[in-house]
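Q: Below is a structure I'd like to ask you about.
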There are 2 protein chains.
Amino acid sequence: MTELLEKARLASTLATSLALCTTNQKNDALLLIANQLVEDTPFILQENKKDLEAGKQSGMGDHLLDRLQLTEERIQDMAEGVRQVATLSDPVGEILEGWDRPNGLHIEKVRVPLGVVGMIYEARPNVTVDAASLCLKTGNAVLLRGSSSAIHSNKAIVAVIHRALEKSECPVEAVQLLEDTSRETASQMFKLTEYLDVLIPRGGANLIQSVVNNASVPVLETGVGNCHIYIDESANHKMAIDIAINAKTQRPSVCNAAETILVHQKWADQHLEDLIKALQEKKVEIRADEKARQMDKDLLPATEEDWETEFSNLTVALRVVSHVDEAISHIASYGSKHSEAIISETAENVETFFNRVDAAALYHNASTRFTDGFEFGFGAEIGISTQKLHARGPMGLPALTSTKYIVRGTGQIRE
Amino acid sequence: MTELLEKARLASTLATSLALCTTNQKNDALLLIANQLVEDTPFILQENKKDLEAGKQSGMGDHLLDRLQLTEERIQDMAEGVRQVATLSDPVGEILEGWDRPNGLHIEKVRVPLGVVGMIYEARPNVTVDAASLCLKTGNAVLLRGSSSAIHSNKAIVAVIHRALEKSECPVEAVQLLEDTSRETASQMFKLTEYLDVLIPRGGANLIQSVVNNASVPVLETGVGNCHIYIDESANHKMAIDIAINAKTQRPSVCNAAETILVHQKWADQHLEDLIKALQEKKVEIRADEKARQMDKDLLPATEEDWETEFSNLTVALRVVSHVDEAISHIASYGSKHSEAIISETAENVETFFNRVDAAALYHNASTRFTDGFEFGFGAEIGISTQKLHARGPMGLPALTSTKYIVRGTGQIRE
């Protein structure tokens, strides 16, 4: 049997006993993991060094090397993250609804773990700890498939997790790491409906698309965010600029950062110059449509591709529109249904925007940067869902659960 | 542009205006459809006749011909079903949660339509009406792909629906039928993530597996039910037999019918003979394990395959077990996670069964036949989900919805 089948089967077998662990048992296990990560820091750093050296030799860029690198502080942050997961309330066992039927049946809808989560992710080794702790908390076994560039770090982290789980009352091997990081094995994992209940890809657009296009196992899609800030005619001058600057520049690499600013013509007539100045002060490169360039002919022209692009850097596309409907149409054509904001003092336009824009999160007079599990008050998140089934937007612990119906009778049969 | 692309795009374009229809507008449209179906009965029957004749010529079996056939009464039943959907409460717009954040943001989670539903189904033309009415009620556009054997009936029904929608305030072409029923087109539909938000296959196991294995569009899986009745040591004699007979024989062709009866050895010692007699009186063919055959050597032997089979007819597999754990292991190995029942007077065993068996619906002292939208009190159902993401078990109207977060601020930016 291949490593994949063996580990997936083992995870699947252990999922049942993990599902039966109490909240206290799971929290104790999480605290043991947090402590073990800190205690075994020298071992983890030593293994991480192997990945870093291999990365340097293969010409990995500084940005990726930085993501790959662990430090004492980063490991402490990881441990702190695990401790925070322990403080979150346990969704498993929650009775969501209960009702009686006229024939006397009593039906309850109860939250249960999904079973086995398949996690496919790229370089950052902290995802190994995040995924393991969130899955453990929700009673799910997890099969981790990280990238080959982080394999030593990931093996070390999972060894440390196993060491901690041995001291716990939870099944040690409910956390499994695939050491075989070949593409072929990943492709087999996509199809492993017998053992995996869900696949969660975390990483770049290519990874996510490959999973979505090829998986038979149901996928929780996270990822692409082409988000817009629409500044309406009545928008407060300072608020609009503050929000646009925040959404674009506060952390441009993340999915809830803004990529295009849409500005109503009448607001632009008065304030576009100030907006452009504020963006330029933050070193933002502006790519503008014709109307905006008529107002400032030094701006670079935007191409069709710019409207579609998640820049993830200090570039922004800028377009002047003549009506809220034009902004909504633009978002419908180019948006990725992630996070969209309207800055306006006109209640009617806000409602139109909320009703007609199809996205996971819609904002009035606030930055798109708030689409995040912590900012929503959910605590740790597994990601931000950009699909419409199961979970949409920031996914907290309940997104890692399913339900079952418990029906209690006294001999009822169907007529 | 192909018919598929054209109709999918049209459905996708109209989804937004359908999503904005009020509950009254949607209910009025449903009542218009119900009336039009009755009014245009002669036209539908005439078109249905073409399918029946083609079916006979191609050697379609009596069972399938019966499923394909429409009658005045069946059309009235379809219309009645549509009227019932109009009476159900509209999930769209429901505010599921609302809370304030310390920074003053007010967040609401609101139910919204999924967008465009792709429905792929086999012979029965009543699915055309069911799917159209459930999607319309939940504000979803729908792209219907029925089977070629029902194409005249389906075209007639959709023409009638369009005729009704023309008199309504809902967009007429939010209900689309693919006239091209080739496999190639269906395969293209599986991948149409740009326009379709979900695929729902309704039909045999092959159809469903083909969609699950090949679709990039998220799938709501329905279907296979290999359900068990476990009769525990302490089970009431008459209740156990009544429930086993009901679950096996009341409607053997459906997915919530029982396929295997597991009997505790001690109950079997006392009552197996009565159970066998009751089954045989109902013309059930029994395939039994060795222990049961030791007690009644006239029983046919069960093969490994029998434990895995959804017979969907008057055949049952029978196994004697020595402990509730053995029943649970059997169900874990062979069950399809649909509906599982324990008949017992021992509370501890019932809780063990409820905690350890992984299925959409678990029953104590009741027949598995109750796993059904109407029996659960949901009204009309789109199907019974056998997956763990999004919806599990009978799916009422909320399964055809997603959510969005509405966030209201006063200029908040992220620090």
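Residues are named by chain letter and number: chains run A, B, ... in the order of the structure tokens, numbers start at 1 in each chain, and ligands are numbered from 1 in the order shown.
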Any chance you could list, as a PDB file with all heavy atoms, in the first residue's frame, the residues in region 6-183 of chain B that come up strand (DSSP E or B) when DSSP is run on the backbone?
A:
ATOM      1  N   ILE B  95     -32.259  37.085   8.246  1.00  0.00           N
ATOM      2  CA  ILE B  95     -31.018  37.484   8.934  1.00  0.00           C
ATOM      3  C   ILE B  95     -30.699  36.403   9.956  1.00  0.00           C
ATOM      4  O   ILE B  95     -31.427  36.212  10.931  1.00  0.00           O
ATOM      5  CB  ILE B  95     -31.176  38.862   9.596  1.00  0.00           C
ATOM      6  CG1 ILE B  95     -31.428  39.910   8.503  1.00  0.00           C
ATOM      7  CG2 ILE B  95     -29.927  39.231  10.402  1.00  0.00           C
ATOM      8  CD1 ILE B  95     -31.866  41.251   9.032  1.00  0.00           C
ATOM      9  N   LEU B  96     -29.630  35.647   9.696  1.00  0.00           N
ATOM     10  CA  LEU B  96     -29.324  34.486  10.540  1.00  0.00           C
ATOM     11  C   LEU B  96     -28.641  34.885  11.836  1.00  0.00           C
ATOM     12  O   LEU B  96     -28.825  34.236  12.865  1.00  0.00           O
ATOM     13  CB  LEU B  96     -28.433  33.508   9.760  1.00  0.00           C
ATOM     14  CG  LEU B  96     -29.098  32.929   8.509  1.00  0.00           C
ATOM     15  CD1 LEU B  96     -28.090  32.151   7.686  1.00  0.00           C
ATOM     16  CD2 LEU B  96     -30.251  32.007   8.904  1.00  0.00           C
ATOM     17  N   GLU B  97     -27.829  35.918  11.774  1.00  0.00           N
ATOM     18  CA  GLU B  97     -27.121  36.395  12.959  1.00  0.00           C
ATOM     19  C   GLU B  97     -26.843  37.871  12.765  1.00  0.00           C
ATOM     20  O   GLU B  97     -26.774  38.360  11.642  1.00  0.00           O
ATOM     21  CB  GLU B  97     -25.744  35.710  13.099  1.00  0.00           C
ATOM     22  CG  GLU B  97     -25.756  34.241  13.396  1.00  0.00           C
ATOM     23  CD  GLU B  97     -24.326  33.681  13.316  1.00  0.00           C
ATOM     24  OE1 GLU B  97     -23.553  33.919  14.254  1.00  0.00           O
ATOM     25  OE2 GLU B  97     -23.998  33.029  12.306  1.00  0.00           O
ATOM     26  N   GLY B  98     -26.636  38.561  13.844  1.00  0.00           N
ATOM     27  CA  GLY B  98     -26.247  39.963  13.776  1.00  0.00           C
ATOM     28  C   GLY B  98     -25.506  40.313  15.051  1.00  0.00           C
ATOM     29  O   GLY B  98     -25.914  39.873  16.127  1.00  0.00           O
ATOM     30  N   TRP B  99     -24.400  41.011  14.939  1.00  0.00           N
ATOM     31  CA  TRP B  99     -23.650  41.350  16.157  1.00  0.00           C
ATOM     32  C   TRP B  99     -22.805  42.605  15.926  1.00  0.00           C
ATOM     33  O   TRP B  99     -22.559  42.994  14.788  1.00  0.00           O
ATOM     34  CB  TRP B  99     -22.779  40.174  16.627  1.00  0.00           C
ATOM     35  CG  TRP B  99     -21.638  39.794  15.730  1.00  0.00           C
ATOM     36  CD1 TRP B  99     -20.335  40.154  15.874  1.00  0.00           C
ATOM     37  CD2 TRP B  99     -21.690  38.952  14.568  1.00  0.00           C
ATOM     38  NE1 TRP B  99     -19.573  39.597  14.864  1.00  0.00           N
ATOM     39  CE2 TRP B  99     -20.380  38.858  14.051  1.00  0.00           C
ATOM     40  CE3 TRP B  99     -22.719  38.291  13.891  1.00  0.00           C
ATOM     41  CZ2 TRP B  99     -20.069  38.124  12.902  1.00  0.00           C
ATOM     42  CZ3 TRP B  99     -22.419  37.548  12.745  1.00  0.00           C
ATOM     43  CH2 TRP B  99     -21.106  37.476  12.272  1.00  0.00           C
ATOM     44  N   ASP B 100     -22.402  43.204  17.050  1.00  0.00           N
ATOM     45  CA  ASP B 100     -21.553  44.394  16.988  1.00  0.00           C
ATOM     46  C   ASP B 100     -20.134  44.032  17.380  1.00  0.00           C
ATOM     47  O   ASP B 100     -19.925  43.211  18.275  1.00  0.00           O
ATOM     48  CB  ASP B 100     -22.084  45.469  17.954  1.00  0.00           C
ATOM     49  CG  ASP B 100     -23.394  46.037  17.466  1.00  0.00           C
ATOM     50  OD1 ASP B 100     -23.432  46.536  16.329  1.00  0.00           O
ATOM     51  OD2 ASP B 100     -24.391  45.940  18.213  1.00  0.00           O
ATOM     52  N   HIS B 106     -21.130  46.859  12.648  1.00  0.00           N
ATOM     53  CA  HIS B 106     -22.283  45.979  12.866  1.00  0.00           C
ATOM     54  C   HIS B 106     -22.319  44.965  11.719  1.00  0.00           C
ATOM     55  O   HIS B 106     -22.351  45.350  10.545  1.00  0.00           O
ATOM     56  CB  HIS B 106     -23.583  46.770  12.917  1.00  0.00           C
ATOM     57  CG  HIS B 106     -24.765  45.882  13.131  1.00  0.00           C
ATOM     58  ND1 HIS B 106     -25.001  45.239  14.335  1.00  0.00           N
ATOM     59  CD2 HIS B 106     -25.743  45.478  12.297  1.00  0.00           C
ATOM     60  CE1 HIS B 106     -26.091  44.507  14.233  1.00  0.00           C
ATOM     61  NE2 HIS B 106     -26.560  44.623  13.001  1.00  0.00           N
ATOM     62  N   ILE B 107     -22.272  43.682  12.074  1.00  0.00           N
ATOM     63  CA  ILE B 107     -22.202  42.622  11.063  1.00  0.00           C
ATOM     64  C   ILE B 107     -23.506  41.820  11.071  1.00  0.00           C
ATOM     65  O   ILE B 107     -24.003  41.462  12.141  1.00  0.00           O
ATOM     66  CB  ILE B 107     -21.014  41.664  11.342  1.00  0.00           C
ATOM     67  CG1 ILE B 107     -19.701  42.468  11.448  1.00  0.00           C
ATOM     68  CG2 ILE B 107     -20.901  40.588  10.265  1.00  0.00           C
ATOM     69  CD1 ILE B 107     -18.460  41.622  11.705  1.00  0.00           C
ATOM     70  N   GLU B 108     -24.038  41.564   9.892  1.00  0.00           N
ATOM     71  CA  GLU B 108     -25.204  40.689   9.773  1.00  0.00           C
ATOM     72  C   GLU B 108     -24.908  39.589   8.760  1.00  0.00           C
ATOM     73  O   GLU B 108     -24.261  39.833   7.746  1.00  0.00           O
ATOM     74  CB  GLU B 108     -26.425  41.470   9.272  1.00  0.00           C
ATOM     75  CG  GLU B 108     -27.121  42.278  10.351  1.00  0.00           C
ATOM     76  CD  GLU B 108     -28.305  43.059   9.809  1.00  0.00           C
ATOM     77  OE1 GLU B 108     -28.458  43.127   8.558  1.00  0.00           O
ATOM     78  OE2 GLU B 108     -29.061  43.595  10.608  1.00  0.00           O
ATOM     79  N   LYS B 109     -25.395  38.398   9.063  1.00  0.00           N
ATOM     80  CA  LYS B 109     -25.270  37.276   8.126  1.00  0.00           C
ATOM     81  C   LYS B 109     -26.658  37.049   7.535  1.00  0.00           C
ATOM     82  O   LYS B 109     -27.597  36.740   8.264  1.00  0.00           O
ATOM     83  CB  LYS B 109     -24.796  36.033   8.884  1.00  0.00           C
ATOM     84  CG  LYS B 109     -24.474  34.855   8.015  1.00  0.00           C
ATOM     85  CD  LYS B 109     -23.931  33.709   8.869  1.00  0.00           C
ATOM     86  CE  LYS B 109     -23.445  32.557   8.010  1.00  0.00           C
ATOM     87  NZ  LYS B 109     -22.876  31.476   8.844  1.00  0.00           N
ATOM     88  N   VAL B 110     -26.777  37.204   6.228  1.00  0.00           N
ATOM     89  CA  VAL B 110     -28.083  37.202   5.561  1.00  0.00           C
ATOM     90  C   VAL B 110     -28.144  36.078   4.536  1.00  0.00           C
ATOM     91  O   VAL B 110     -27.174  35.821   3.820  1.00  0.00           O
ATOM     92  CB  VAL B 110     -28.292  38.556   4.827  1.00  0.00           C
ATOM     93  CG1 VAL B 110     -29.659  38.620   4.174  1.00  0.00           C
ATOM     94  CG2 VAL B 110     -28.109  39.714   5.783  1.00  0.00           C
ATOM     95  N   ARG B 111     -29.287  35.395   4.490  1.00  0.00           N
ATOM     96  CA  ARG B 111     -29.456  34.354   3.469  1.00  0.00           C
ATOM     97  C   ARG B 111     -29.695  34.950   2.100  1.00  0.00           C
ATOM     98  O   ARG B 111     -30.541  35.846   1.959  1.00  0.00           O
ATOM     99  CB  ARG B 111     -30.699  33.520   3.804  1.00  0.00           C
ATOM    100  CG  ARG B 111     -30.409  32.328   4.624  1.00  0.00           C
ATOM    101  CD  ARG B 111     -31.566  31.346   4.505  1.00  0.00           C
ATOM    102  NE  ARG B 111     -31.599  30.470   5.629  1.00  0.00           N
ATOM    103  CZ  ARG B 111     -30.763  29.441   5.803  1.00  0.00           C
ATOM    104  NH1 ARG B 111     -29.850  29.162   4.895  1.00  0.00           N
ATOM    105  NH2 ARG B 111     -30.864  28.684   6.864  1.00  0.00           N
ATOM    106  N   VAL B 112     -28.998  34.429   1.107  1.00  0.00           N
ATOM    107  CA  VAL B 112     -29.170  34.870  -0.278  1.00  0.00           C
ATOM    108  C   VAL B 112     -29.300  33.620  -1.167  1.00  0.00           C
ATOM    109  O   VAL B 112     -28.916  32.525  -0.764  1.00  0.00           O
ATOM    110  CB  VAL B 112     -27.960  35.720  -0.751  1.00  0.00           C
ATOM    111  CG1 VAL B 112     -27.877  37.025   0.036  1.00  0.00           C
ATOM    112  CG2 VAL B 112     -26.658  34.950  -0.638  1.00  0.00           C
ATOM    113  N   PRO B 113     -29.823  33.781  -2.375  1.00  0.00           N
ATOM    114  CA  PRO B 113     -29.869  32.627  -3.290  1.00  0.00           C
ATOM    115  C   PRO B 113     -28.445  32.165  -3.630  1.00  0.00           C
ATOM    116  O   PRO B 113     -27.488  32.928  -3.484  1.00  0.00           O
ATOM    117  CB  PRO B 113     -30.560  33.188  -4.537  1.00  0.00           C
ATOM    118  CG  PRO B 113     -31.282  34.409  -4.071  1.00  0.00           C
ATOM    119  CD  PRO B 113     -30.444  34.971  -2.965  1.00  0.00           C
ATOM    120  N   VAL B 116     -27.085  30.331  -9.725  1.00  0.00           N
ATOM    121  CA  VAL B 116     -27.608  29.455 -10.779  1.00  0.00           C
ATOM    122  C   VAL B 116     -27.382  27.997 -10.383  1.00  0.00           C
ATOM    123  O   VAL B 116     -26.265  27.592 -10.068  1.00  0.00           O
ATOM    124  CB  VAL B 116     -26.918  29.708 -12.134  1.00  0.00           C
ATOM    125  CG1 VAL B 116     -27.562  28.852 -13.224  1.00  0.00           C
ATOM    126  CG2 VAL B 116     -26.986  31.187 -12.503  1.00  0.00           C
ATOM    127  N   VAL B 117     -28.463  27.230 -10.380  1.00  0.00           N
ATOM    128  CA  VAL B 117     -28.413  25.805 -10.060  1.00  0.00           C
ATOM    129  C   VAL B 117     -28.415  25.018 -11.365  1.00  0.00           C
ATOM    130  O   VAL B 117     -29.261  25.260 -12.232  1.00  0.00           O
ATOM    131  CB  VAL B 117     -29.633  25.400  -9.204  1.00  0.00           C
ATOM    132  CG1 VAL B 117     -29.680  23.896  -8.987  1.00  0.00           C
ATOM    133  CG2 VAL B 117     -29.629  26.156  -7.877  1.00  0.00           C
ATOM    134  N   GLY B 118     -27.470  24.105 -11.519  1.00  0.00           N
ATOM    135  CA  GLY B 118     -27.488  23.181 -12.656  1.00  0.00           C
ATOM    136  C   GLY B 118     -28.064  21.856 -12.191  1.00  0.00           C
ATOM    137  O   GLY B 118     -27.554  21.252 -11.262  1.00  0.00           O
ATOM    138  N   MET B 119     -29.145  21.449 -12.816  1.00  0.00           N
ATOM    139  CA  MET B 119     -29.855  20.241 -12.384  1.00  0.00           C
ATOM    140  C   MET B 119     -29.687  19.190 -13.478  1.00  0.00           C
ATOM    141  O   MET B 119     -30.058  19.436 -14.628  1.00  0.00           O
ATOM    142  CB  MET B 119     -31.330  20.625 -12.225  1.00  0.00           C
ATOM    143  CG  MET B 119     -32.154  19.622 -11.528  1.00  0.00           C
ATOM    144  SD  MET B 119     -32.076  19.901  -9.730  1.00  0.00           S
ATOM    145  CE  MET B 119     -32.746  18.322  -9.203  1.00  0.00           C
ATOM    146  N   ILE B 120     -29.113  18.049 -13.132  1.00  0.00           N
ATOM    147  CA  ILE B 120     -28.907  16.973 -14.110  1.00  0.00           C
ATOM    148  C   ILE B 120     -29.677  15.761 -13.619  1.00  0.00           C
ATOM    149  O   ILE B 120     -29.422  15.266 -12.530  1.00  0.00           O
ATOM    150  CB  ILE B 120     -27.404  16.649 -14.230  1.00  0.00           C
ATOM    151  CG1 ILE B 120     -26.646  17.903 -14.689  1.00  0.00           C
ATOM    152  CG2 ILE B 120     -27.167  15.488 -15.189  1.00  0.00           C
ATOM    153  CD1 ILE B 120     -25.154  17.700 -14.838  1.00  0.00           C
ATOM    154  N   TYR B 121     -30.643  15.298 -14.426  1.00  0.00           N
ATOM    155  CA  TYR B 121     -31.528  14.268 -13.893  1.00  0.00           C
ATOM    156  C   TYR B 121     -31.969  13.288 -14.962  1.00  0.00           C
ATOM    157  O   TYR B 121     -31.798  13.527 -16.159  1.00  0.00           O
ATOM    158  CB  TYR B 121     -32.735  14.909 -13.195  1.00  0.00           C
ATOM    159  CG  TYR B 121     -33.518  15.883 -14.052  1.00  0.00           C
ATOM    160  CD1 TYR B 121     -34.744  15.529 -14.587  1.00  0.00           C
ATOM    161  CD2 TYR B 121     -33.015  17.155 -14.318  1.00  0.00           C
ATOM    162  CE1 TYR B 121     -35.471  16.425 -15.368  1.00  0.00           C
ATOM    163  CE2 TYR B 121     -33.726  18.048 -15.099  1.00  0.00           C
ATOM    164  CZ  TYR B 121     -34.955  17.676 -15.626  1.00  0.00           C
ATOM    165  OH  TYR B 121     -35.650  18.561 -16.402  1.00  0.00           O
ATOM    166  N   ALA B 141     -31.827  31.041 -10.394  1.00  0.00           N
ATOM    167  CA  ALA B 141     -32.052  30.638 -11.774  1.00  0.00           C
ATOM    168  C   ALA B 141     -31.660  29.168 -11.881  1.00  0.00           C
ATOM    169  O   ALA B 141     -30.868  28.670 -11.075  1.00  0.00           O
ATOM    170  CB  ALA B 141     -31.208  31.486 -12.714  1.00  0.00           C
ATOM    171  N   VAL B 142     -32.234  28.465 -12.863  1.00  0.00           N
ATOM    172  CA  VAL B 142     -31.921  27.039 -12.981  1.00  0.00           C
ATOM    173  C   VAL B 142     -31.693  26.656 -14.434  1.00  0.00           C
ATOM    174  O   VAL B 142     -32.382  27.143 -15.327  1.00  0.00           O
ATOM    175  CB  VAL B 142     -33.028  26.165 -12.330  1.00  0.00           C
ATOM    176  CG1 VAL B 142     -34.370  26.340 -13.032  1.00  0.00           C
ATOM    177  CG2 VAL B 142     -32.637  24.690 -12.288  1.00  0.00           C
ATOM    178  N   LEU B 143     -30.669  25.846 -14.637  1.00  0.00           N
ATOM    179  CA  LEU B 143     -30.398  25.280 -15.953  1.00  0.00           C
ATOM    180  C   LEU B 143     -30.668  23.785 -15.835  1.00  0.00           C
ATOM    181  O   LEU B 143     -29.977  23.073 -15.109  1.00  0.00           O
ATOM    182  CB  LEU B 143     -28.940  25.536 -16.338  1.00  0.00           C
ATOM    183  CG  LEU B 143     -28.499  24.998 -17.698  1.00  0.00           C
ATOM    184  CD1 LEU B 143     -29.292  25.641 -18.841  1.00  0.00           C
ATOM    185  CD2 LEU B 143     -27.004  25.252 -17.916  1.00  0.00           C
ATOM    186  N   LEU B 144     -31.711  23.327 -16.539  1.00  0.00           N
ATOM    187  CA  LEU B 144     -32.167  21.945 -16.424  1.00  0.00           C
ATOM    188  C   LEU B 144     -31.583  21.104 -17.543  1.00  0.00           C
ATOM    189  O   LEU B 144     -31.626  21.490 -18.709  1.00  0.00           O
ATOM    190  CB  LEU B 144     -33.689  21.904 -16.519  1.00  0.00           C
ATOM    191  CG  LEU B 144     -34.461  22.699 -15.453  1.00  0.00           C
ATOM    192  CD1 LEU B 144     -35.872  22.986 -15.933  1.00  0.00           C
ATOM    193  CD2 LEU B 144     -34.478  21.908 -14.150  1.00  0.00           C
ATOM    194  N   ARG B 145     -31.054  19.952 -17.185  1.00  0.00           N
ATOM    195  CA  ARG B 145     -30.580  19.015 -18.195  1.00  0.00           C
ATOM    196  C   ARG B 145     -31.191  17.661 -17.857  1.00  0.00           C
ATOM    197  O   ARG B 145     -30.703  16.952 -16.993  1.00  0.00           O
ATOM    198  CB  ARG B 145     -29.052  18.964 -18.207  1.00  0.00           C
ATOM    199  CG  ARG B 145     -28.460  18.250 -19.415  1.00  0.00           C
ATOM    200  CD  ARG B 145     -28.493  16.775 -19.228  1.00  0.00           C
ATOM    201  NE  ARG B 145     -27.638  16.070 -20.186  1.00  0.00           N
ATOM    202  CZ  ARG B 145     -27.617  14.753 -20.281  1.00  0.00           C
ATOM    203  NH1 ARG B 145     -28.381  13.990 -19.513  1.00  0.00           N
ATOM    204  NH2 ARG B 145     -26.813  14.173 -21.144  1.00  0.00           N
ATOM    205  N   VAL B 175     -35.657  30.144 -15.867  1.00  0.00           N
ATOM    206  CA  VAL B 175     -35.757  28.680 -15.989  1.00  0.00           C
ATOM    207  C   VAL B 175     -35.351  28.308 -17.409  1.00  0.00           C
ATOM    208  O   VAL B 175     -35.984  28.729 -18.373  1.00  0.00           O
ATOM    209  CB  VAL B 175     -37.191  28.181 -15.705  1.00  0.00           C
ATOM    210  CG1 VAL B 175     -37.295  26.680 -15.912  1.00  0.00           C
ATOM    211  CG2 VAL B 175     -37.631  28.574 -14.296  1.00  0.00           C
ATOM    212  N   GLN B 176     -34.275  27.555 -17.525  1.00  0.00           N
ATOM    213  CA  GLN B 176     -33.734  27.199 -18.839  1.00  0.00           C
ATOM    214  C   GLN B 176     -33.636  25.677 -18.957  1.00  0.00           C
ATOM    215  O   GLN B 176     -33.213  25.017 -18.017  1.00  0.00           O
ATOM    216  CB  GLN B 176     -32.318  27.770 -18.990  1.00  0.00           C
ATOM    217  CG  GLN B 176     -32.266  29.268 -19.108  1.00  0.00           C
ATOM    218  CD  GLN B 176     -32.686  29.753 -20.477  1.00  0.00           C
ATOM    219  OE1 GLN B 176     -32.624  29.003 -21.447  1.00  0.00           O
ATOM    220  NE2 GLN B 176     -33.126  30.989 -20.541  1.00  0.00           N
ATOM    221  N   LEU B 177     -34.032  25.163 -20.125  1.00  0.00           N
ATOM    222  CA  LEU B 177     -33.876  23.721 -20.379  1.00  0.00           C
ATOM    223  C   LEU B 177     -32.894  23.517 -21.523  1.00  0.00           C
ATOM    224  O   LEU B 177     -33.031  24.126 -22.584  1.00  0.00           O
ATOM    225  CB  LEU B 177     -35.224  23.109 -20.770  1.00  0.00           C
ATOM    226  CG  LEU B 177     -35.176  21.640 -21.196  1.00  0.00           C
ATOM    227  CD1 LEU B 177     -35.019  20.732 -19.975  1.00  0.00           C
ATOM    228  CD2 LEU B 177     -36.446  21.251 -21.977  1.00  0.00           C
TER     229      LEU B 177
END
Q: For a quick test of understanding: name the residues of chain A lying within 7 Å of chain B when counting only C-alpha atoms, and present them as a ChimeraX atom specification.
A: /A:16,114,212-214,216,239,243,246,356,359-367,369-370,388-390,392,402-414
Q: Could you give me, as a PyMOL selection string, each residue of region 193-401 of chain B that DSSP assigns to alpha helix (DSSP H) when run on this structure's backbone?
A: chain B and resi 205-214+237-249+265-281+290-295+304-308+324-334+347-356
Q: Can you work out the spacing between CA of Asp269 (chain B) and CA of Thr346 (chain B) in Å, to one decimal?
A: 18.1 Å
Q: Any idea what's packed within 12 Å of Ser89 (chain A), counting only C-alpha atoms, ignoring anything in its chain fewer than 5 positions away? Could you give it as a list in words?
A: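 Skipping anything fewer than 5 positions along the chain leaves Thr23, Asn24, Lys26, Asn27, Gln84, Glu94, Leu134, Lys137, Thr138, Phe378, Gly379, Ala380, Gly396, Leu397 and Pro398 of chain A.
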Q: Could those selected residues go to a file with N, CA, C and O atoms, as a compact mmCIF listing (two decimals), in the first residue's frame?
A:
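Printed below is out_9.txt as written:
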# COMPACT_ATOMS: atom_id res chain seq x y z
N THR A 23 -14.41 17.84 24.95
CA THR A 23 -13.81 19.16 24.77
C THR A 23 -12.57 19.30 25.65
O THR A 23 -11.53 19.80 25.19
N ASN A 24 -12.65 18.85 26.89
CA ASN A 24 -11.49 18.95 27.78
C ASN A 24 -10.31 18.14 27.27
O ASN A 24 -9.17 18.60 27.32
N LYS A 26 -9.63 17.41 24.22
CA LYS A 26 -9.07 18.08 23.05
C LYS A 26 -8.29 19.33 23.46
O LYS A 26 -7.19 19.58 22.95
N ASN A 27 -8.83 20.09 24.40
CA ASN A 27 -8.12 21.30 24.85
C ASN A 27 -6.81 20.95 25.55
O ASN A 27 -5.80 21.63 25.35
N GLN A 84 -4.74 29.77 21.73
CA GLN A 84 -5.98 30.50 21.45
C GLN A 84 -7.08 29.58 20.94
O GLN A 84 -8.25 29.73 21.29
N GLU A 94 -23.00 20.46 19.64
CA GLU A 94 -24.02 21.50 19.76
C GLU A 94 -25.33 21.05 19.09
O GLU A 94 -25.30 20.52 17.98
N LEU A 134 -6.74 23.39 14.47
CA LEU A 134 -8.15 23.64 14.16
C LEU A 134 -8.90 22.33 13.92
O LEU A 134 -10.03 22.16 14.35
N LYS A 137 -9.33 20.50 17.31
CA LYS A 137 -10.37 21.14 18.13
C LYS A 137 -11.77 20.73 17.67
O LYS A 137 -12.69 20.57 18.47
N THR A 138 -11.94 20.57 16.36
CA THR A 138 -13.25 20.22 15.81
C THR A 138 -13.42 18.71 15.65
O THR A 138 -14.38 18.27 15.01
N PHE A 378 -14.55 35.59 15.24
CA PHE A 378 -14.64 34.12 15.22
C PHE A 378 -13.42 33.47 15.86
O PHE A 378 -13.39 32.26 16.06
N GLY A 379 -12.37 34.24 16.12
CA GLY A 379 -11.11 33.62 16.54
C GLY A 379 -10.41 33.08 15.31
O GLY A 379 -10.64 33.55 14.19
N ALA A 380 -9.54 32.09 15.52
CA ALA A 380 -8.75 31.54 14.42
C ALA A 380 -9.63 31.12 13.26
O ALA A 380 -10.75 30.67 13.46
N GLY A 396 -14.73 30.12 10.58
CA GLY A 396 -14.33 29.74 11.92
C GLY A 396 -14.49 28.24 12.12
O GLY A 396 -14.67 27.48 11.16
N LEU A 397 -14.45 27.80 13.36
CA LEU A 397 -14.53 26.37 13.65
C LEU A 397 -15.78 25.69 13.07
O LEU A 397 -15.68 24.56 12.58
N PRO A 398 -16.97 26.31 13.12
CA PRO A 398 -18.15 25.59 12.60
C PRO A 398 -18.01 25.16 11.14
O PRO A 398 -18.63 24.19 10.74
Q: Could you name the residues that touch Glu173 (chain B) at 8 Å or less, counting only C-alpha atoms, but leaving out those on the same chain fewer than 6 positions away, as a ChimeraX atom specification?
A: /B:10-11,14,162
